[in-house]
Amino acid sequence: MRLADPIRLIGHGTDSAGNHYRVIEWRDSISRRQHTAALPMAEIGTNWGRLQRLGIAVMANRRKRELLADYLQTDGLHTPYTVTAQAGWTANRRAYVLPSGEILATKGKAAPRVIYNGDTSQAAAYAEAGTLADWQRELGRYLAGNSRLCLAVGAALAAPLVCLLGMESGGFHLFGDSRDGKSTAARLALSVWGNPAALMVSWTGTSHGFSNLANARNDGLLVLDEIGQANARQVSQTAYSVINGVSKVQGAKEGGNRESTRWKTLLFSTGEKPLDAFIRRHGEDWNAGQAARLPSIPSNAGQGLGIYDKLHGFPNGAALSEHLTAAAAEQHGTIGRAFIAALQNNPAALQTAKERQNAFMQTLPELNGQARTVALRFALAAAALETAALHGLITVPAGAAMTAVRLCFDSWHERSGKGKYEDETIIAQAEAFMSIHAHGMRFSDWSDHHTNHDHAGYRKQAGGDVEYWINPPTFEIEICGSYDKAKTCEV
């Protein structure tokens, strides 16, 4: 009796929430290619749409469907599988899942059995093109001496290390003049994992959409290009939702709440303005936690060449950018896979990365908590590059990657990292208020009992100095802003 197109039952799997699946294998009727998928047991007998969307014909007769449901639940092999709807490390970190569904795992008898059951809408974008040698020749060799390119590729390689080294989600924001090469650096970073043109995402979208995107890029790289295309509130919400690393609490149809989705991702962002300036200019908040998770680094390398320190024989930065953009479209997706293989097949690789991260930190001056958080992420990018170089994946001399990333760290530290972010912001708010109003009509003389319109306080001569006595409501609203009054007074 024909119940459906041929379906082989090759295993039984569970996901992180304890849901059960039958692992099926079938041959596509058009391409004749063999496919594997995880079929939720909760849908068997009630929802045949999933099988039909896979191209599997299911007979319409009620009795036939009942028999098919019995077959799918009880027959076949029950070989155990790990089922995941999330990219990144799984099976006790013995397998790495690309967002395309491709499983990168150790070979042999100990190889884990993993089925990806998540979003594969960008599967084609994660395809390989060219060889690792091609990528090294056409793209990788230009990292030498170029600090911002090293930071971009370092971030791409560091993404799988975030989880392995127990770090939190975060990233880097590269800002500077239009057409100075920021997007080229972003494309170079994306070429580590796939096709840059297909993987590049703009800042426009909803916070919920970006949370889904971050989940799909778990333990991976997410690049958001050209912040100027989005509004400030959207950027603030997006940055928070992505780097917070956990989905919103949502109710379940059967009662209670759905299991929260958690992810770790490394974000690489570009724009013409630093994030804090862009967001505050539009009246939105950008707090210390966000600043520490997504620091803004000037894209100008200071050599008069925009993002570049060295041109490697090209007449100008535009020519080098054109070459890198064209090469990234043709050579991509190879070095990321090779880096994962190095981590899986060489147990010492992870220890090397940790040692290189510590070595980077030892070169830095003493840092406060927030600056140290940022420095650890720069150190991770440097460590990823050094580890890749040690395994012959990039042709950068030993120590050169750490020097290049240190230049990027110094640019950030010089701009905003020398003190605590909250302290600097509070002082800036007080300075701005006083520079506008200190000599204006909002302050009355100490002896004057009449107050002016929009009264802010009093001026009092105290020897050779002038004291300003500010009304508490004015102080709290216009100087404290979103910060606690006691904290502001302390600063």
# chains A, B, ... in the order shown; residues from 1 in each chain; ligands from 1

call {"tool": "closest_atom_pairs", "arguments": {"of": "stretch 286-353 of chain A", "to": "stretch 371-376 of chain A", "cutoff": "10 Å", "atoms": "only C-alpha atoms", "output": "Markdown table"}}
result
| residue | atom | partner | partner_atom | distance |
| --- | --- | --- | --- | --- |
| A:Gly289 | CA | A:Thr373 | CA | 9.9 |
| A:Ala291 | CA | A:Val374 | CA | 8.9 |
| A:Ala292 | CA | A:Val374 | CA | 5.6 |
| A:Arg293 | CA | A:Val374 | CA | 6.8 |
| A:Leu294 | CA | A:Val374 | CA | 8.2 |
| A:Pro295 | CA | A:Val374 | CA | 7.1 |

call {"tool": "residues_around", "arguments": {"residues": "stretch 152-167 of chain A", "least_positions_apart": "4", "cutoff": "6 Å", "atoms": "only C-alpha atoms", "output": "number ranges by chain"}}
result
A: 185, 189, 219-221, 266, 381, 384-385

call {"tool": "closest_atom_pairs", "arguments": {"of": "stretch 264-336 of chain A", "to": "stretch 389-405 of chain A", "cutoff": "10 Å", "atoms": "only C-alpha atoms", "output": "CSV"}}
result
residue,atom,partner,partner_atom,distance
A:Asp309,CA,A:Ala404,CA,9.7
A:Thr334,CA,A:Leu393,CA,9.8
A:Ile335,CA,A:Leu393,CA,6.7
A:Gly336,CA,A:Leu393,CA,9.4

call {"tool": "closest_residue", "arguments": {"among": "A:His437, A:Arg33, A:His453, A:Arg187", "to": "A:Glu330", "atoms": "only C-alpha atoms"}}
result
A:Arg187

call {"tool": "closest_residue", "arguments": {"among": "A:Val235, A:Leu407, A:Lys310, A:Thr79", "to": "A:Gln290", "atoms": "only C-alpha atoms"}}
result
A:Val235

call {"tool": "select_by_dssp", "arguments": {"residues": "stretch 267-349 of chain A", "states": "strand (DSSP E or B)", "output": "list in words"}}
result
Leu267, Phe268, Ser269, Thr270, Gly271, Ser296, Ile297, Pro298 and His332 of chain A

call {"tool": "write_last_selection", "arguments": {"atoms": "C-alpha atoms", "output": "PDB file, in the first residue's frame"}}
result
ATOM      1  CA  LEU A 267      29.105  42.293  15.754  1.00  0.00           C
ATOM      2  CA  PHE A 268      31.115  44.357  13.268  1.00  0.00           C
ATOM      3  CA  SER A 269      29.430  47.652  12.414  1.00  0.00           C
ATOM      4  CA  THR A 270      30.286  50.601  10.165  1.00  0.00           C
ATOM      5  CA  GLY A 271      29.050  54.182   9.827  1.00  0.00           C
ATOM      6  CA  SER A 296      33.616  53.053  18.316  1.00  0.00           C
ATOM      7  CA  ILE A 297      36.986  53.026  16.532  1.00  0.00           C
ATOM      8  CA  PRO A 298      38.081  55.701  14.012  1.00  0.00           C
ATOM      9  CA  HIS A 332      35.294  33.313   0.233  1.00  0.00           C
TER      10      HIS A 332
END
